[in-house]
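Peer 1: The structure follows.
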Amino acid sequence: MASSSSSVKPMTVFGKTAAAAESYELPWVEKYRPKLLGEIVGNEDTIDRLKVIAEDGNMPHIIISGMPGIGKTTSIHCLAHALLGDAYKEGVLELNASDERGIDVVRNKIKMFAQKKVTLPAGRHKIVILDEADSMTGGAQQALRRTMEIYSNTTRFAFACNMSNKIIEPIQSRCAILRYARLSDGEVLKRLLEVCNFEDVKFTDDGLSSLIFTSEGDMRQALNNLQSTHSGFGIITTENVFKVCDQPHPIVVQKMIRCCAKGDVTGALECLEGLWEEGYAAVDIVTTVFRVVKVFDELTEFTKLEFIKEIGWTHMRILEGVGTLVQLGGLISRLCKQSMSDDDFKI
């Protein structure tokens, strides 16, 4: 059992002091959003490239791609603050391309901003930030590439997206592409501990492990789940985290996998039916099964690989629309059959 320690110094990261942070209430994901490039967690090599751009002052058009919640948009804002300083408010236009994604936005908002005269530090450019840029229509992207060329002397573009391949090649060729990886468990844990100490949150080690498990490298998800669990229950424990996140409990899934590994179809189906009766969707169950199996030390490597193959096929069928209890039951039967036939191949 562990709890937040008073011996840790008050946090001064995230660009704010304790007094300033307590003067207003915000969602923790906003309250602790980094203000400086040096405060961003993870992807150190890529962040170092952004620091070089900030020091040099000549920002190219950039595309930052990666999974949600790992700091893409935050990195662009930190870079813009470093480049423009006090002129940030006038020198930055931010658009969420998933909402404003048509060609009219390019023709009107972006062009008007690019033409606007703004006083900036010497040698710096106005910055257009396009969040969720992979949601822009093809026509808007085609119009944008010409705008990027015409106004490149005064305006630079920064795209944040989940999949860079959805951005057309002409725009990609005009940009420096930076790819962000998911955050490691250690990186998420470090930030969670800092926030727990700052907010005086009581927690158990297993509770923090559950937050890391449910977030899957997504810092935004981890902080949201931390705040929700703290607000709802006052202490971060495994049971409380899974009540808030409403995901199949990995302990139940582990029990189901053990039954499969022993060829116990009846026991495994009982666990499955229990999860189904609690209202979990087939995709939630099969996703949790995969996440448990891939780190389940009680399985041999050969058996683990065969289990993952069967889980993958089932996941594909569920995504195609066959998300029924019968489909999941078929997975259980194949896993039991697989483990019985793998006895001669254990390593």
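If you're wondering about the labels, chains in the structure tokens are A, B, ... by order shown, residues count from 1 in each chain, ligands from 1 in order shown.
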Given only C-alpha atoms, how would the per-residue table for range 168-248 of chain A near range 25-42 of chain A read, listing every residue at most 7 Å away with its closest atom pair and distance in Å to one decimal, sorted by chain and number, as JSON lines?
Peer 2:
{"residue": "A:Leu183", "atom": "CA", "partner": "A:Gly42", "partner_atom": "CA", "distance": 5.8}
{"residue": "A:Glu187", "atom": "CA", "partner": "A:Gly42", "partner_atom": "CA", "distance": 6.4}
{"residue": "A:Arg220", "atom": "CA", "partner": "A:Val29", "partner_atom": "CA", "distance": 6.0}
{"residue": "A:Leu223", "atom": "CA", "partner": "A:Val29", "partner_atom": "CA", "distance": 5.8}
{"residue": "A:Asn224", "atom": "CA", "partner": "A:Val29", "partner_atom": "CA", "distance": 6.5}
{"residue": "A:Gln227", "atom": "CA", "partner": "A:Trp28", "partner_atom": "CA", "distance": 6.8}
Peer 1: Might you pull out every residue within 7 Å of range 230-235 of chain A, with only C-alpha atoms counted and same-chain residues fewer than 5 positions away left off, and present them as a ChimeraX atom specification?
Peer 2: /A:201-203,240
Peer 1: Save the residues we just selected, all heavy atoms, as a PDB file, in the first residue's frame?
Peer 2:
ATOM      1  N   VAL A 201      -3.701  13.276  -3.497  1.00  0.00           N
ATOM      2  CA  VAL A 201      -4.556  12.135  -3.823  1.00  0.00           C
ATOM      3  C   VAL A 201      -4.014  10.885  -3.135  1.00  0.00           C
ATOM      4  O   VAL A 201      -2.822  10.582  -3.216  1.00  0.00           O
ATOM      5  CB  VAL A 201      -4.595  11.905  -5.353  1.00  0.00           C
ATOM      6  CG1 VAL A 201      -5.379  10.643  -5.685  1.00  0.00           C
ATOM      7  CG2 VAL A 201      -5.205  13.115  -6.051  1.00  0.00           C
ATOM      8  N   LYS A 202      -4.897  10.150  -2.456  1.00  0.00           N
ATOM      9  CA  LYS A 202      -4.501   8.886  -1.834  1.00  0.00           C
ATOM     10  C   LYS A 202      -4.637   7.769  -2.857  1.00  0.00           C
ATOM     11  O   LYS A 202      -5.601   7.732  -3.623  1.00  0.00           O
ATOM     12  CB  LYS A 202      -5.379   8.604  -0.617  1.00  0.00           C
ATOM     13  CG  LYS A 202      -5.214   9.629   0.502  1.00  0.00           C
ATOM     14  CD  LYS A 202      -6.125   9.313   1.677  1.00  0.00           C
ATOM     15  CE  LYS A 202      -5.955  10.357   2.784  1.00  0.00           C
ATOM     16  NZ  LYS A 202      -6.867  10.099   3.925  1.00  0.00           N
ATOM     17  N   PHE A 203      -3.656   6.864  -2.846  1.00  0.00           N
ATOM     18  CA  PHE A 203      -3.669   5.823  -3.872  1.00  0.00           C
ATOM     19  C   PHE A 203      -2.978   4.574  -3.366  1.00  0.00           C
ATOM     20  O   PHE A 203      -2.244   4.599  -2.367  1.00  0.00           O
ATOM     21  CB  PHE A 203      -2.963   6.319  -5.145  1.00  0.00           C
ATOM     22  CG  PHE A 203      -1.521   6.714  -4.933  1.00  0.00           C
ATOM     23  CD1 PHE A 203      -0.501   5.776  -4.968  1.00  0.00           C
ATOM     24  CD2 PHE A 203      -1.195   8.036  -4.690  1.00  0.00           C
ATOM     25  CE1 PHE A 203       0.819   6.141  -4.778  1.00  0.00           C
ATOM     26  CE2 PHE A 203       0.127   8.416  -4.489  1.00  0.00           C
ATOM     27  CZ  PHE A 203       1.135   7.459  -4.536  1.00  0.00           C
ATOM     28  N   ASN A 240     -11.882   0.728  -7.667  1.00  0.00           N
ATOM     29  CA  ASN A 240     -12.463   2.032  -7.973  1.00  0.00           C
ATOM     30  C   ASN A 240     -12.151   2.474  -9.400  1.00  0.00           C
ATOM     31  O   ASN A 240     -12.998   3.045 -10.081  1.00  0.00           O
ATOM     32  CB  ASN A 240     -11.945   3.073  -6.978  1.00  0.00           C
ATOM     33  CG  ASN A 240     -12.450   2.832  -5.570  1.00  0.00           C
ATOM     34  OD1 ASN A 240     -13.409   2.088  -5.381  1.00  0.00           O
ATOM     35  ND2 ASN A 240     -11.818   3.443  -4.592  1.00  0.00           N
TER      36      ASN A 240
END
Peer 1: Please compute the CA of Thr288 in chain A-CA of Gly312 in chain A distance, one decimal, in Å.
Peer 2: 12.0 Å
Peer 1: Using only C-alpha atoms, which of A:Asp218, A:Glu301, A:Glu270, A:Asp45 sits nearest Arg182 in chain A?
Peer 2: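 Looking only at the distances to Arg182 in chain A, the closest residue turns out to be A:Asp218.
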Peer 1: Determine which residues of range 56-107 of chain A receive a DSSP assignment of strand (DSSP E), computed from the backbone, and state them as a list in words.
Peer 2: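 Checking each residue of range 56-107 of chain A, the strand (DSSP E) ones are Ile62, Ile63, Ile64, Ser65, Val92, Leu93, Glu94, Leu95 and Asn96 of chain A.
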Peer 1: With N, CA and C atoms retained, could you export that selection as a compact mmCIF listing (two decimals), in the first residue's frame?
Peer 2:
# COMPACT_ATOMS: atom_id res chain seq x y z
N ILE A 62 5.18 21.78 -40.38
CA ILE A 62 5.40 20.48 -39.71
C ILE A 62 4.11 19.69 -39.62
N ILE A 63 4.25 18.38 -39.63
CA ILE A 63 3.16 17.44 -39.36
C ILE A 63 3.60 16.58 -38.19
N ILE A 64 2.78 16.55 -37.13
CA ILE A 64 3.05 15.67 -35.99
C ILE A 64 1.95 14.62 -35.97
N SER A 65 2.33 13.35 -36.10
CA SER A 65 1.34 12.27 -36.14
C SER A 65 1.58 11.31 -34.98
N VAL A 92 -1.13 33.40 -33.68
CA VAL A 92 -1.51 32.00 -33.84
C VAL A 92 -3.00 31.87 -34.17
N LEU A 93 -3.30 31.07 -35.17
CA LEU A 93 -4.68 30.70 -35.48
C LEU A 93 -4.82 29.21 -35.30
N GLU A 94 -5.72 28.80 -34.40
CA GLU A 94 -5.93 27.36 -34.16
C GLU A 94 -7.30 26.96 -34.68
N LEU A 95 -7.33 25.91 -35.48
CA LEU A 95 -8.58 25.36 -36.00
C LEU A 95 -8.61 23.87 -35.74
N ASN A 96 -9.79 23.37 -35.36
CA ASN A 96 -9.95 21.92 -35.25
C ASN A 96 -10.52 21.43 -36.57
Peer 1: Using Å and a single decimal, report how far CA of Gly330 in chain A sits from CA of Ala268 in chain A.
Peer 2: 11.4 Å
Peer 1: Measuring atom to atom with only C-alpha atoms, identify which of A:Ser75, A:Gly66, A:Lys190, A:Val253 is nearest to Cys161 in chain A.
Peer 2: A:Gly66
Peer 1: Using only C-alpha atoms, which protein or nucleic acid residues come within 10 Å of range 258-263 of chain A? Drop anything in the same chain fewer than 4 positions from it, and give the result as a list in words.
Peer 2: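 Surrounding residues, per the criterion: Val252, Val253, Gln254, Gly267, Ala268, Leu269, Glu270, Cys271, Phe296, Glu298, Leu299, Thr300, Thr303, Lys304, Phe307, Leu331, Ile332, Ser333, Arg334, Leu335, Cys336, Lys337, Gln338, Ser339, Met340, Ser341, Asp342 and Asp343 of chain A.
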Peer 1: Go through range 16-144 of chain A and collect every residue that DSSP, computed from the backbone, puts in alpha helix (DSSP H); the answer should be as a VMD selection string.
Peer 2: chain A and resid 18 to 22 28 to 31 44 to 56 72 to 84 88 to 91 103 to 105 111 to 115 138 to 144
Peer 1: With only C-alpha atoms as the atoms that count, which of A:Glu149, A:Asp205, A:Asp185, A:Glu55 lies nearest to Gly123 in chain A?
Peer 2: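 For Gly123 in chain A, the nearest of the candidates is A:Glu55.
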Peer 1: Compile the contact shell of Leu130 in chain A as a PyMOL selection string: residues with an atom at most 10 Å away, counting only C-alpha atoms, same-chain residues fewer than 3 positions apart removed.
Peer 2: chain A and resi 63+73+76+93-98+100-101+127+133-134+136+157-161
Peer 1: To one decimal place, how far is CA of Cys196 in chain A from CA of Val292 in chain A in Å?
Peer 2: 26.3 Å
Peer 1: Quick one: residues within 12 Å of Ala281 in chain A, only C-alpha atoms counted, chain neighbours fewer than 2 positions away excluded, as a list of chain:residue names?
Peer 2: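 Listing them by chain and then by number gives A:Asp246, A:Gln247, A:Pro248, A:Leu272, A:Glu273, A:Leu275, A:Trp276, A:Glu277, A:Glu278, A:Gly279, A:Val283, A:Asp284, A:Ile285, A:Val286, A:Thr287, A:Thr288, A:His315, A:Ile318, A:Leu319, A:Gly321, A:Val322, A:Gly323, A:Thr324, A:Leu325, A:Gln327, A:Leu328.
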Peer 1: Compare A:Ile70, A:Ala181, A:Ile308, A:Leu192 by their minimum atom-to-atom distance to Val295 in chain A, counting only C-alpha atoms, and give me the closest one.
Peer 2: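 For Val295 in chain A, the nearest of the candidates is A:Ile308.
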